[in-house]
Amino acid sequence: QVQLVESGGGSAQPGGSLRLSCAATGLKSPMVIMRWYRQVPGEVREFVAAARSDNGTLYANSVKGRFTISRDNKKNAVYLEMNSLKPEDTAVYYCEGWTTEREYWGQGTQVTVSS
């Protein structure tokens, strides 16, 4: 059974940093692409960053220059290093990944940025 398990959420002050991790279990090969999304209650889930298995990356304009996505294909994991955090980064962050057959989602981890 394939699962995406996130960790690393929590609270930070504006200007601070947090690192999110997401590990895919139950797979024999790296996911084709892994992404981070975030969602504020009552709003649409928003794309944050993506990393392909060849380490190509893509970022939303709102996080470009502040967040860094990276992958460890041996561990089938993806990470999101978040720096210079702003209150508007507060959301539940979700890990998403695609194999060649289907999409999987993690359960989400809360990130709160406030002073």
# chains A, B, ... in the order shown; residues from 1 in each chain; ligands from 1
$ residues_around --residues "A:Val48" --least-positions-apart "3" --cutoff "6 Å" --atoms "only C-alpha atoms" --output "list in words"
Trp36, Tyr37, Tyr59 and Ala60 of chain A
$ write_last_selection --atoms "all heavy atoms" --output "compact mmCIF listing (two decimals), in the first residue's frame"
# COMPACT_ATOMS: atom_id res chain seq x y z
N TRP A 36 4.35 20.00 -3.65
CA TRP A 36 3.77 20.54 -2.43
C TRP A 36 2.65 21.50 -2.81
O TRP A 36 2.81 22.34 -3.71
CB TRP A 36 4.80 21.27 -1.58
CG TRP A 36 5.79 20.38 -0.92
CD1 TRP A 36 7.05 20.08 -1.36
CD2 TRP A 36 5.61 19.66 0.30
NE1 TRP A 36 7.65 19.22 -0.48
CE2 TRP A 36 6.80 18.95 0.55
CE3 TRP A 36 4.56 19.55 1.21
CZ2 TRP A 36 6.97 18.14 1.68
CZ3 TRP A 36 4.73 18.75 2.33
CH2 TRP A 36 5.91 18.05 2.56
N TYR A 37 1.54 21.35 -2.13
CA TYR A 37 0.42 22.27 -2.24
C TYR A 37 0.11 22.81 -0.84
O TYR A 37 0.56 22.24 0.16
CB TYR A 37 -0.84 21.56 -2.77
CG TYR A 37 -0.80 21.21 -4.22
CD1 TYR A 37 -0.11 20.09 -4.68
CD2 TYR A 37 -1.45 22.01 -5.17
CE1 TYR A 37 -0.08 19.77 -6.03
CE2 TYR A 37 -1.43 21.70 -6.52
CZ TYR A 37 -0.75 20.57 -6.94
OH TYR A 37 -0.72 20.26 -8.27
N TYR A 59 8.38 26.50 -9.17
CA TYR A 59 7.87 27.17 -7.97
C TYR A 59 6.73 28.11 -8.32
O TYR A 59 6.70 28.72 -9.39
CB TYR A 59 8.96 27.99 -7.29
CG TYR A 59 10.11 27.17 -6.75
CD1 TYR A 59 11.23 26.92 -7.52
CD2 TYR A 59 10.04 26.64 -5.47
CE1 TYR A 59 12.27 26.15 -7.03
CE2 TYR A 59 11.07 25.88 -4.96
CZ TYR A 59 12.19 25.64 -5.75
OH TYR A 59 13.22 24.88 -5.23
N ALA A 60 5.82 28.27 -7.38
CA ALA A 60 4.83 29.33 -7.48
C ALA A 60 5.54 30.67 -7.28
O ALA A 60 6.52 30.76 -6.52
CB ALA A 60 3.76 29.15 -6.41
$ residues_around --residues "A:Thr99" --least-positions-apart "3" --cutoff "8 Å" --atoms "only C-alpha atoms" --output "short mmCIF file (atom, residue, chain, number, x, y, z; two decimals) with all heavy atoms, in the first residue's frame"
data_model
loop_
_atom_site.label_atom_id
_atom_site.label_comp_id
_atom_site.auth_asym_id
_atom_site.auth_seq_id
_atom_site.Cartn_x
_atom_site.Cartn_y
_atom_site.Cartn_z
N PRO A 30 11.20 5.52 -7.82
CA PRO A 30 10.88 6.91 -7.46
C PRO A 30 9.61 7.39 -8.16
O PRO A 30 9.34 7.00 -9.30
CB PRO A 30 12.10 7.69 -7.95
CG PRO A 30 13.18 6.69 -8.06
CD PRO A 30 12.52 5.41 -8.44
N MET A 31 8.90 8.23 -7.47
CA MET A 31 7.75 8.86 -8.11
C MET A 31 8.21 9.74 -9.27
O MET A 31 9.28 10.34 -9.21
CB MET A 31 6.96 9.68 -7.09
CG MET A 31 6.16 8.81 -6.14
SD MET A 31 4.93 9.77 -5.25
CE MET A 31 3.79 8.48 -4.78
N VAL A 32 7.40 9.83 -10.30
CA VAL A 32 7.75 10.62 -11.48
C VAL A 32 7.88 12.09 -11.11
O VAL A 32 8.80 12.79 -11.53
CB VAL A 32 6.69 10.42 -12.57
CG1 VAL A 32 6.96 11.34 -13.76
CG2 VAL A 32 6.63 8.97 -13.01
N ILE A 33 6.94 12.57 -10.32
CA ILE A 33 6.95 13.96 -9.87
C ILE A 33 6.35 14.02 -8.48
O ILE A 33 5.43 13.25 -8.16
CB ILE A 33 6.21 14.88 -10.86
CG1 ILE A 33 6.39 16.35 -10.48
CG2 ILE A 33 4.73 14.52 -10.93
CD1 ILE A 33 5.97 17.32 -11.59
N ARG A 102 -0.84 6.44 -11.08
CA ARG A 102 -1.85 7.23 -10.37
C ARG A 102 -1.22 8.24 -9.44
O ARG A 102 -0.01 8.25 -9.24
CB ARG A 102 -2.82 6.32 -9.61
CG ARG A 102 -2.18 5.41 -8.58
CD ARG A 102 -3.15 4.94 -7.54
NE ARG A 102 -3.53 6.01 -6.61
CZ ARG A 102 -4.27 5.83 -5.53
NH1 ARG A 102 -4.77 4.64 -5.28
NH2 ARG A 102 -4.55 6.84 -4.72
N GLU A 103 -2.11 9.04 -8.87
CA GLU A 103 -1.74 10.12 -7.98
C GLU A 103 -1.97 9.73 -6.52
O GLU A 103 -2.92 8.99 -6.21
CB GLU A 103 -2.59 11.35 -8.31
CG GLU A 103 -2.36 12.58 -7.45
CD GLU A 103 -3.35 13.68 -7.81
OE1 GLU A 103 -4.53 13.35 -8.06
OE2 GLU A 103 -2.95 14.86 -7.83
#
$ closest_residue --among "A:Gly15, A:Gly56, A:Pro87, A:Gly97" --to "A:Thr68" --atoms "only C-alpha atoms"
A:Gly56
$ select_by_dssp --residues "stretch 4-114 of chain A" --states "strand (DSSP E)" --output "PyMOL selection string"
chain A and resi 4-7+10-12+18-25+33-39+46-52+57-59+67-72+77-82+91-98+103-105+109-113
$ residues_around --residues "A:Glu96" --least-positions-apart "5" --cutoff "6 Å" --atoms "only C-alpha atoms" --output "ChimeraX atom specification"
/A:34-35,104-105
$ closest_residue --among "A:Tyr79, A:Arg45, A:Gln3, A:Ser115" --to "A:Ala24" --atoms "only C-alpha atoms"
A:Gln3
$ residues_around --residues "A:Pro41" --least-positions-apart "4" --cutoff "12 Å" --atoms "only C-alpha atoms" --output "list in words"
Arg45, Glu46, Thr90, Ala91, Val92, Tyr93 and Gln110 of chain A
$ atom_distance --atom1 "atom CA of A:Lys74" --atom2 "atom CA of A:Arg38"
25.4 Å
$ closest_residue --among "A:Lys75, A:Val111, A:Trp98, A:Arg66" --to "A:Ala50" --atoms "only C-alpha atoms"
A:Trp98
$ residues_around --residues "A:Leu85" --least-positions-apart "4" --cutoff "7 Å" --atoms "only C-alpha atoms" --output "number ranges by chain"
A: 14-17, 89, 113
$ residues_around --residues "A:Ser70" --least-positions-apart "2" --cutoff "10 Å" --atoms "only C-alpha atoms" --output "PyMOL selection string"
chain A and resi 21+34+49-53+55-57+68+72-73+77-81
$ atom_distance --atom1 "atom CA of A:Leu4" --atom2 "atom CA of A:Gly108"
9.5 Å
$ closest_residue --among "A:Gln1, A:Asn61, A:Ser29, A:Thr112" --to "A:Lys86" --atoms "only C-alpha atoms"
A:Thr112
$ atom_distance --atom1 "atom CA of A:Val44" --atom2 "atom CA of A:Glu88"
14.3 Å
$ residues_around --residues "A:Ser7" --least-positions-apart "4" --cutoff "8 Å" --atoms "only C-alpha atoms" --output "PyMOL selection string"
chain A and resi 20-22+109
